[in-house]
Amino acid sequence: MLRRSRGRPAHAADKLTARRNELAELIRRADRAHVTVGYRMDELLEARRLFEDVLDAPGMPRKAVREPLNDLTAVQDHHHQATAEYGQMRAPWDDAALAGSDLDTLTAGVKQFKRYLKDNASALKSLETLLRSLQETRSTMEDLRSRITLVRDRVLASFTAAEQELAWSNPMDPRHRPLAVRLHALGDALAALEAGRTELNRVRHIPDRYRDIDAKVMHLRDEIRVLRPWR
């Protein structure tokens with residue numbers, strides 16, 4: 001009986017030490033995981049900034065594409081809340097607390113940090129999925145911007161020329177006003193494209209829409225040229 005009574009304190013001490021070491025390792029892992037999530041959040045916000053820079057180019061579908069970006073605001077708010085909660089959870093566990101806590105307190109801490117690591121892993125996976133999606137969409141938008149640029153300058157130059165040619169024509173010609181109305185309508189359509197307000201089922205159709213306007217402007221210019229010149 002004496003040997004058993006001596007073994008119990010040693011066993012309890014070993015168990016306490018093991019639990020303390022387990023918690024210390026969990027805290028180290030949690031600290032690293034917390035920093036990693038912070039880095040991913042920073043990367044996501046930078047990717048969002050670069051994406052919005054692409055969307056600011058003329059002709060880009062800002063209205064249709066930017067709306068999903070608003071969801072990132074909720075993600076950022078959740079991250080700020082999670083960061084604050086982790087700070088509150090982490091603050092009591094300094095070296096002194098680890099060394100002086102009893103087994104029950106250490107066990108509660110182990111459960112708490114295990115739960116945090118599980119939640120953190122899920123949050124990290126979600127952030128990485130969002131980051132990849134945003135980067136892929138940005139790449140698509142950069143390609144779209146390049147294709148728009150190829151046709152946009154020509155359309156704008158043609159429309160400006162049509163305005164000048166109409167201004168030089170005789171406003172008393174009965175054909176003048178209908179042509180002016182049609183040119184104004186094309187100008188409104190072009191302005192909507194430039195501002196990114198055009199609602200299209202698929203954004204890849206935007207360059208085609210520019211080409212469509214260009215063709216109509218060119219046809220209109222042919223009609224304007226037959227008007228009597230203004231003298």
# chains A, B, ... in the order shown; residues from 1 in each chain; ligands from 1
>>> residues_around(residues="region 80-90 of chain A", least_positions_apart="6", cutoff="9 Å", atoms="only C-alpha atoms", output="MDAnalysis selection string")
chainID A and resid 27 31 34 38 112:113 116
>>> closest_residue(among="A:Glu43, A:Ala74, A:Thr107, A:Val65", to="Glu22 (chain A)", atoms="only C-alpha atoms")
A:Thr107
>>> residues_around(residues="Arg204 (chain A)", least_positions_apart="3", cutoff="10 Å", atoms="only C-alpha atoms", output="list of chain:residue names")
A:Pro61, A:Thr140, A:Met141, A:Asp143, A:Leu144, A:Arg147, A:Ile148, A:Leu200, A:Asn201, A:Pro207, A:Asp208, A:Arg209
>>> residues_around(residues="Glu223 (chain A)", least_positions_apart="4", cutoff="10 Å", atoms="only C-alpha atoms", output="short mmCIF file (atom, residue, chain, number, x, y, z; two decimals) with C-alpha atoms, in the first residue's frame")
data_model
loop_
_atom_site.label_atom_id
_atom_site.label_comp_id
_atom_site.auth_asym_id
_atom_site.auth_seq_id
_atom_site.Cartn_x
_atom_site.Cartn_y
_atom_site.Cartn_z
CA LEU A 166 -22.95 65.69 -88.63
CA ARG A 175 -32.53 63.80 -93.03
CA HIS A 176 -30.39 65.62 -90.47
CA LEU A 179 -29.58 60.91 -88.14
CA VAL A 217 -21.66 54.26 -86.40
CA MET A 218 -19.83 53.47 -89.64
CA HIS A 219 -23.15 52.87 -91.39
CA LEU A 227 -26.15 65.18 -96.66
#
>>> select_by_dssp(residues="region 47-223 of chain A", states="alpha helix (DSSP H)", output="ChimeraX atom specification")
/A:47-55,62-69,71-90,95-100,103-168,176-194,206-223
>>> closest_residue(among="A:Arg154, A:Arg19, A:Arg28, A:Arg145", to="Lys111 (chain A)", atoms="only C-alpha atoms")
A:Arg19
>>> closest_residue(among="A:Leu72, A:Leu150, A:Asp95, A:Pro58", to="Leu190 (chain A)", atoms="only C-alpha atoms")
A:Pro58
>>> residues_around(residues="Arg221 (chain A)", least_positions_apart="3", cutoff="10 Å", atoms="only C-alpha atoms", output="list in words")
Ser158, Phe159, Ala161, Ala162, Glu163, Glu165, Leu166, Leu179, Leu183, Ala215, Lys216, Val217, Met218, Ile224, Arg225 and Val226 of chain A
>>> atom_distance(atom1="CA of Asp212 (chain A)", atom2="CA of Val181 (chain A)")
17.6 Å
>>> atom_distance(atom1="CA of Ser146 (chain A)", atom2="CA of Ala195 (chain A)")
16.6 Å
>>> closest_residue(among="A:Leu186, A:Ile213, A:Ala18, A:Ala91", to="Val151 (chain A)", atoms="only C-alpha atoms")
A:Ile213
>>> decode(residues="region 115-146 of chain A", atoms="N, CA and C atoms", output="PDB file, in the first residue's frame")
ATOM      1  N   ARG A 115     -10.247  23.356 -30.399  1.00  0.00           N
ATOM      2  CA  ARG A 115     -11.415  23.863 -31.120  1.00  0.00           C
ATOM      3  C   ARG A 115     -11.028  25.041 -32.012  1.00  0.00           C
ATOM      4  N   TYR A 116     -10.168  25.908 -31.483  1.00  0.00           N
ATOM      5  CA  TYR A 116      -9.716  27.052 -32.283  1.00  0.00           C
ATOM      6  C   TYR A 116      -8.959  26.586 -33.526  1.00  0.00           C
ATOM      7  N   LEU A 117      -8.061  25.625 -33.360  1.00  0.00           N
ATOM      8  CA  LEU A 117      -7.276  25.138 -34.497  1.00  0.00           C
ATOM      9  C   LEU A 117      -8.168  24.521 -35.572  1.00  0.00           C
ATOM     10  N   LYS A 118      -9.217  23.834 -35.145  1.00  0.00           N
ATOM     11  CA  LYS A 118     -10.153  23.253 -36.104  1.00  0.00           C
ATOM     12  C   LYS A 118     -10.886  24.353 -36.864  1.00  0.00           C
ATOM     13  N   ASP A 119     -11.384  25.345 -36.125  1.00  0.00           N
ATOM     14  CA  ASP A 119     -12.088  26.461 -36.768  1.00  0.00           C
ATOM     15  C   ASP A 119     -11.145  27.259 -37.659  1.00  0.00           C
ATOM     16  N   ASN A 120      -9.914  27.422 -37.207  1.00  0.00           N
ATOM     17  CA  ASN A 120      -8.933  28.183 -37.971  1.00  0.00           C
ATOM     18  C   ASN A 120      -8.613  27.492 -39.294  1.00  0.00           C
ATOM     19  N   ALA A 121      -8.489  26.173 -39.259  1.00  0.00           N
ATOM     20  CA  ALA A 121      -8.205  25.422 -40.486  1.00  0.00           C
ATOM     21  C   ALA A 121      -9.323  25.602 -41.502  1.00  0.00           C
ATOM     22  N   SER A 122     -10.567  25.619 -41.010  1.00  0.00           N
ATOM     23  CA  SER A 122     -11.705  25.833 -41.899  1.00  0.00           C
ATOM     24  C   SER A 122     -11.686  27.246 -42.480  1.00  0.00           C
ATOM     25  N   ALA A 123     -11.374  28.228 -41.630  1.00  0.00           N
ATOM     26  CA  ALA A 123     -11.308  29.617 -42.094  1.00  0.00           C
ATOM     27  C   ALA A 123     -10.195  29.804 -43.112  1.00  0.00           C
ATOM     28  N   LEU A 124      -9.051  29.175 -42.862  1.00  0.00           N
ATOM     29  CA  LEU A 124      -7.920  29.287 -43.784  1.00  0.00           C
ATOM     30  C   LEU A 124      -8.276  28.687 -45.143  1.00  0.00           C
ATOM     31  N   LYS A 125      -8.936  27.553 -45.133  1.00  0.00           N
ATOM     32  CA  LYS A 125      -9.341  26.917 -46.388  1.00  0.00           C
ATOM     33  C   LYS A 125     -10.296  27.817 -47.164  1.00  0.00           C
ATOM     34  N   SER A 126     -11.234  28.449 -46.462  1.00  0.00           N
ATOM     35  CA  SER A 126     -12.186  29.347 -47.121  1.00  0.00           C
ATOM     36  C   SER A 126     -11.479  30.551 -47.728  1.00  0.00           C
ATOM     37  N   LEU A 127     -10.529  31.127 -46.984  1.00  0.00           N
ATOM     38  CA  LEU A 127      -9.787  32.281 -47.494  1.00  0.00           C
ATOM     39  C   LEU A 127      -8.974  31.913 -48.727  1.00  0.00           C
ATOM     40  N   GLU A 128      -8.344  30.753 -48.696  1.00  0.00           N
ATOM     41  CA  GLU A 128      -7.531  30.329 -49.842  1.00  0.00           C
ATOM     42  C   GLU A 128      -8.402  30.058 -51.062  1.00  0.00           C
ATOM     43  N   THR A 129      -9.599  29.520 -50.838  1.00  0.00           N
ATOM     44  CA  THR A 129     -10.532  29.309 -51.947  1.00  0.00           C
ATOM     45  C   THR A 129     -10.969  30.641 -52.543  1.00  0.00           C
ATOM     46  N   LEU A 130     -11.294  31.602 -51.680  1.00  0.00           N
ATOM     47  CA  LEU A 130     -11.671  32.938 -52.150  1.00  0.00           C
ATOM     48  C   LEU A 130     -10.529  33.597 -52.906  1.00  0.00           C
ATOM     49  N   LEU A 131      -9.324  33.446 -52.386  1.00  0.00           N
ATOM     50  CA  LEU A 131      -8.155  34.063 -53.020  1.00  0.00           C
ATOM     51  C   LEU A 131      -7.940  33.497 -54.418  1.00  0.00           C
ATOM     52  N   ARG A 132      -8.003  32.177 -54.553  1.00  0.00           N
ATOM     53  CA  ARG A 132      -7.828  31.564 -55.872  1.00  0.00           C
ATOM     54  C   ARG A 132      -8.911  32.019 -56.841  1.00  0.00           C
ATOM     55  N   SER A 133     -10.145  32.056 -56.357  1.00  0.00           N
ATOM     56  CA  SER A 133     -11.257  32.474 -57.208  1.00  0.00           C
ATOM     57  C   SER A 133     -11.083  33.916 -57.674  1.00  0.00           C
ATOM     58  N   LEU A 134     -10.664  34.775 -56.752  1.00  0.00           N
ATOM     59  CA  LEU A 134     -10.475  36.182 -57.095  1.00  0.00           C
ATOM     60  C   LEU A 134      -9.336  36.351 -58.091  1.00  0.00           C
ATOM     61  N   GLN A 135      -8.263  35.619 -57.893  1.00  0.00           N
ATOM     62  CA  GLN A 135      -7.124  35.708 -58.813  1.00  0.00           C
ATOM     63  C   GLN A 135      -7.490  35.196 -60.202  1.00  0.00           C
ATOM     64  N   GLU A 136      -8.260  34.116 -60.256  1.00  0.00           N
ATOM     65  CA  GLU A 136      -8.679  33.579 -61.551  1.00  0.00           C
ATOM     66  C   GLU A 136      -9.619  34.552 -62.263  1.00  0.00           C
ATOM     67  N   THR A 137     -10.555  35.133 -61.509  1.00  0.00           N
ATOM     68  CA  THR A 137     -11.479  36.089 -62.113  1.00  0.00           C
ATOM     69  C   THR A 137     -10.745  37.337 -62.572  1.00  0.00           C
ATOM     70  N   ARG A 138      -9.778  37.773 -61.793  1.00  0.00           N
ATOM     71  CA  ARG A 138      -8.975  38.927 -62.198  1.00  0.00           C
ATOM     72  C   ARG A 138      -8.244  38.648 -63.504  1.00  0.00           C
ATOM     73  N   SER A 139      -7.692  37.445 -63.648  1.00  0.00           N
ATOM     74  CA  SER A 139      -7.010  37.080 -64.888  1.00  0.00           C
ATOM     75  C   SER A 139      -7.972  37.146 -66.073  1.00  0.00           C
ATOM     76  N   THR A 140      -9.201  36.671 -65.853  1.00  0.00           N
ATOM     77  CA  THR A 140     -10.218  36.741 -66.899  1.00  0.00           C
ATOM     78  C   THR A 140     -10.537  38.186 -67.256  1.00  0.00           C
ATOM     79  N   MET A 141     -10.645  39.031 -66.226  1.00  0.00           N
ATOM     80  CA  MET A 141     -10.955  40.437 -66.461  1.00  0.00           C
ATOM     81  C   MET A 141      -9.803  41.168 -67.151  1.00  0.00           C
ATOM     82  N   GLU A 142      -8.573  40.785 -66.847  1.00  0.00           N
ATOM     83  CA  GLU A 142      -7.429  41.399 -67.526  1.00  0.00           C
ATOM     84  C   GLU A 142      -7.438  41.051 -69.013  1.00  0.00           C
ATOM     85  N   ASP A 143      -7.800  39.813 -69.322  1.00  0.00           N
ATOM     86  CA  ASP A 143      -7.917  39.410 -70.724  1.00  0.00           C
ATOM     87  C   ASP A 143      -9.038  40.183 -71.411  1.00  0.00           C
ATOM     88  N   LEU A 144     -10.152  40.352 -70.695  1.00  0.00           N
ATOM     89  CA  LEU A 144     -11.270  41.121 -71.246  1.00  0.00           C
ATOM     90  C   LEU A 144     -10.859  42.567 -71.493  1.00  0.00           C
ATOM     91  N   ARG A 145     -10.137  43.150 -70.552  1.00  0.00           N
ATOM     92  CA  ARG A 145      -9.682  44.536 -70.714  1.00  0.00           C
ATOM     93  C   ARG A 145      -8.818  44.681 -71.964  1.00  0.00           C
ATOM     94  N   SER A 146      -7.946  43.719 -72.200  1.00  0.00           N
ATOM     95  CA  SER A 146      -7.086  43.765 -73.390  1.00  0.00           C
ATOM     96  C   SER A 146      -7.918  43.701 -74.664  1.00  0.00           C
TER      97      SER A 146
END
